[in-house]
>>> print(open('target13.pdb').read())   # PDB, C-alpha atoms and all ligand atoms
ATOM      1  CA  MET A   5      26.719  52.892 -77.022  1.00  0.00           C
ATOM      2  CA  ALA A   6      27.826  56.421 -77.861  1.00  0.00           C
ATOM      3  CA  ARG A   7      29.234  56.762 -74.367  1.00  0.00           C
ATOM      4  CA  LEU A   8      31.437  53.699 -74.916  1.00  0.00           C
ATOM      5  CA  ILE A   9      32.901  55.247 -78.087  1.00  0.00           C
ATOM      6  CA  ILE A  10      33.650  58.490 -76.220  1.00  0.00           C
ATOM      7  CA  ILE A  11      35.386  56.533 -73.456  1.00  0.00           C
ATOM      8  CA  LEU A  12      37.446  54.584 -76.002  1.00  0.00           C
ATOM      9  CA  ALA A  13      38.404  57.829 -77.748  1.00  0.00           C
ATOM     10  CA  LEU A  14      39.442  59.340 -74.409  1.00  0.00           C
ATOM     11  CA  VAL A  15      41.519  56.264 -73.547  1.00  0.00           C
ATOM     12  CA  ALA A  16      43.211  56.360 -76.968  1.00  0.00           C
ATOM     13  CA  GLY A  17      43.853  60.072 -76.468  1.00  0.00           C
ATOM     14  CA  PHE A  18      45.420  59.458 -73.086  1.00  0.00           C
ATOM     15  CA  ILE A  19      47.638  56.687 -74.487  1.00  0.00           C
ATOM     16  CA  MET A  20      48.831  58.982 -77.279  1.00  0.00           C
ATOM     17  CA  LEU A  21      49.433  61.813 -74.812  1.00  0.00           C
ATOM     18  CA  TYR A  22      51.298  59.448 -72.486  1.00  0.00           C
ATOM     19  CA  LYS A  23      53.470  58.168 -75.330  1.00  0.00           C
ATOM     20  CA  SER A  24      54.303  61.679 -76.517  1.00  0.00           C
ATOM     21  CA  LEU A  25      55.235  62.713 -72.978  1.00  0.00           C
ATOM     22  CA  PHE A  26      57.118  59.607 -71.879  1.00  0.00           C
ATOM     23  CA  GLY A  27      57.969  57.866 -75.163  1.00  0.00           C
ATOM     24  CA  ALA A  28      61.535  59.197 -75.195  1.00  0.00           C
ATOM     25  CA  ASN A  29      62.221  58.340 -71.559  1.00  0.00           C
ATOM     26  CA  PRO A  30      63.267  54.672 -71.832  1.00  0.00           C
ATOM     27  CA  ARG A  31      66.074  55.690 -74.176  1.00  0.00           C
ATOM     28  CA  LEU A  32      67.164  58.438 -71.767  1.00  0.00           C
ATOM     29  CA  GLU A  33      67.153  55.953 -68.912  1.00  0.00           C
ATOM     30  CA  ASP A  34      69.289  53.561 -70.947  1.00  0.00           C
ATOM     31  CA  SER A  35      71.933  56.186 -71.605  1.00  0.00           C
ATOM     32  CA  ALA A  36      71.813  57.286 -67.966  1.00  0.00           C
ATOM     33  CA  ASP A  37      72.330  53.686 -66.911  1.00  0.00           C
ATOM     34  CA  ALA A  38      75.348  53.292 -69.168  1.00  0.00           C
ATOM     35  CA  SER A  39      77.017  56.410 -67.789  1.00  0.00           C
ATOM     36  CA  GLU A  40      75.892  55.959 -64.190  1.00  0.00           C
ATOM     37  CA  MET A  41      78.830  56.299 -61.838  1.00  0.00           C
ATOM     38  CA  VAL A  42      79.217  54.165 -58.740  1.00  0.00           C
ATOM     39  CA  GLN A  43      81.689  54.691 -55.930  1.00  0.00           C
ATOM     40  CA  ASP A  44      84.172  52.020 -54.995  1.00  0.00           C
ATOM     41  CA  PRO A  45      83.773  51.785 -51.179  1.00  0.00           C
ATOM     42  CA  ASN A  46      87.329  50.467 -50.830  1.00  0.00           C
ATOM     43  CA  CYS A  47      89.353  53.193 -52.523  1.00  0.00           C
ATOM     44  CA  GLY A  48      86.659  55.846 -53.064  1.00  0.00           C
ATOM     45  CA  VAL A  49      87.126  56.026 -56.825  1.00  0.00           C
ATOM     46  CA  TYR A  50      84.125  56.498 -59.125  1.00  0.00           C
ATOM     47  CA  VAL A  51      83.691  53.986 -61.907  1.00  0.00           C
ATOM     48  CA  PRO A  52      81.030  53.565 -64.624  1.00  0.00           C
ATOM     49  CA  LYS A  53      78.508  51.014 -63.361  1.00  0.00           C
ATOM     50  CA  ASN A  54      78.778  48.888 -66.491  1.00  0.00           C
ATOM     51  CA  GLN A  55      82.553  48.552 -65.962  1.00  0.00           C
ATOM     52  CA  ALA A  56      82.469  48.109 -62.192  1.00  0.00           C
ATOM     53  CA  ILE A  57      82.976  44.790 -60.403  1.00  0.00           C
ATOM     54  CA  ALA A  58      79.762  43.964 -58.559  1.00  0.00           C
ATOM     55  CA  ARG A  59      80.215  42.117 -55.293  1.00  0.00           C
ATOM     56  CA  SER A  60      77.745  41.225 -52.606  1.00  0.00           C
ATOM     57  CA  VAL A  61      79.256  42.072 -49.217  1.00  0.00           C
ATOM     58  CA  GLN A  62      77.257  41.256 -46.087  1.00  0.00           C
ATOM     59  CA  GLY A  63      74.042  41.129 -48.097  1.00  0.00           C
ATOM     60  CA  LYS A  64      74.641  44.517 -49.739  1.00  0.00           C
ATOM     61  CA  GLU A  65      75.743  44.972 -53.319  1.00  0.00           C
ATOM     62  CA  HIS A  66      78.865  47.056 -53.771  1.00  0.00           C
ATOM     63  CA  PHE A  67      80.682  48.117 -56.923  1.00  0.00           C
ATOM     64  CA  PHE A  68      84.445  48.100 -57.156  1.00  0.00           C
ATOM     65  CA  CYS A  69      86.964  49.497 -59.618  1.00  0.00           C
ATOM     66  CA  SER A  70      88.913  46.240 -59.701  1.00  0.00           C
ATOM     67  CA  GLU A  71      88.993  42.655 -58.437  1.00  0.00           C
ATOM     68  CA  LYS A  72      91.760  43.757 -56.065  1.00  0.00           C
ATOM     69  CA  CYS A  73      89.512  46.289 -54.323  1.00  0.00           C
ATOM     70  CA  ALA A  74      86.638  43.807 -54.235  1.00  0.00           C
ATOM     71  CA  ASP A  75      88.888  41.307 -52.485  1.00  0.00           C
ATOM     72  CA  GLU A  76      90.345  43.895 -50.092  1.00  0.00           C
ATOM     73  CA  TYR A  77      87.046  45.466 -49.009  1.00  0.00           C
ATOM     74  CA  PRO A  78      85.581  42.748 -46.713  1.00  0.00           C
ATOM     75  CA  SER A  79      88.887  42.234 -44.889  1.00  0.00           C
ATOM     76  CA  LYS A  80      89.101  45.985 -44.236  1.00  0.00           C
ATOM     77  CA  LYS A  81      85.701  46.001 -42.538  1.00  0.00           C
ATOM     78  CA  SER A  82      86.341  43.169 -40.090  1.00  0.00           C
TER      79      SER A  82
HETATM   80 ZN    ZN B   1      89.118  50.590 -56.014  1.00  0.00          ZN
END
>>> encode(input="target13.pdb", output="structure tokens", more="lines below")
Ligand SMILES: [Zn+2]
Amino acid sequence: MARLIIILALVAGFIMLYKSLFGANPRLEDSADASEMVQDPNCGVYVPKNQAIARSVQGKEHFFCSEKCADEYPSKKS
């Protein structure tokens, strides 16, 4: 029985250690996501991912600076 309590204490300790080490990370990831830059494959300009136009071209997802570039891109490739 005493062994079980020690194991539980160890598990609780690990959870607390894990939270103190990685607790701040989800917020960092969120801010990184918001400011993540993606390159428009049509004109080469970098745009923030949350403002980019996402388009699936030939099964791959691309991000464009504008609807115009998104429309131009597939025709350029063929
Ligand atoms: Zn563009």
>>> resolve_selection(input="target13.pdb", expression="the PyMOL selection byres (((chain A and resi 55) around 10) and not hetatm)", output="PyMOL selection string")
chain A and resi 38-39+41-42+51-54+56-58+67-70
>>> residues_around(input="target13.pdb", residues="Lys72 (chain A)", least_positions_apart="6", cutoff="12 Å", atoms="only C-alpha atoms", output="PyMOL selection string")
chain A and resi 44+46-47+56-57+59+78-79
>>> write_last_selection(input="target13.pdb", atoms="C-alpha atoms", output="PDB file, keeping the file's coordinate frame")
ATOM      1  CA  ASP A  44      84.172  52.020 -54.995  1.00  0.00           C
ATOM      2  CA  ASN A  46      87.329  50.467 -50.830  1.00  0.00           C
ATOM      3  CA  CYS A  47      89.353  53.193 -52.523  1.00  0.00           C
ATOM      4  CA  ALA A  56      82.469  48.109 -62.192  1.00  0.00           C
ATOM      5  CA  ILE A  57      82.976  44.790 -60.403  1.00  0.00           C
ATOM      6  CA  ARG A  59      80.215  42.117 -55.293  1.00  0.00           C
ATOM      7  CA  PRO A  78      85.581  42.748 -46.713  1.00  0.00           C
ATOM      8  CA  SER A  79      88.887  42.234 -44.889  1.00  0.00           C
TER       9      SER A  79
END
>>> atom_distance(input="target13.pdb", atom1="CA of Ile9 (chain A)", atom2="CA of Ser24 (chain A)")
22.4 Å
>>> closest_residue(input="target13.pdb", among="A:Met20, A:Phe26, A:Gly48, A:Lys64", to="ligand ZN 1 (chain B)", atoms="only C-alpha atoms and all ligand atoms")
A:Gly48
>>> atom_distance(input="target13.pdb", atom1="CA of Tyr77 (chain A)", atom2="CA of Pro45 (chain A)")
7.4 Å
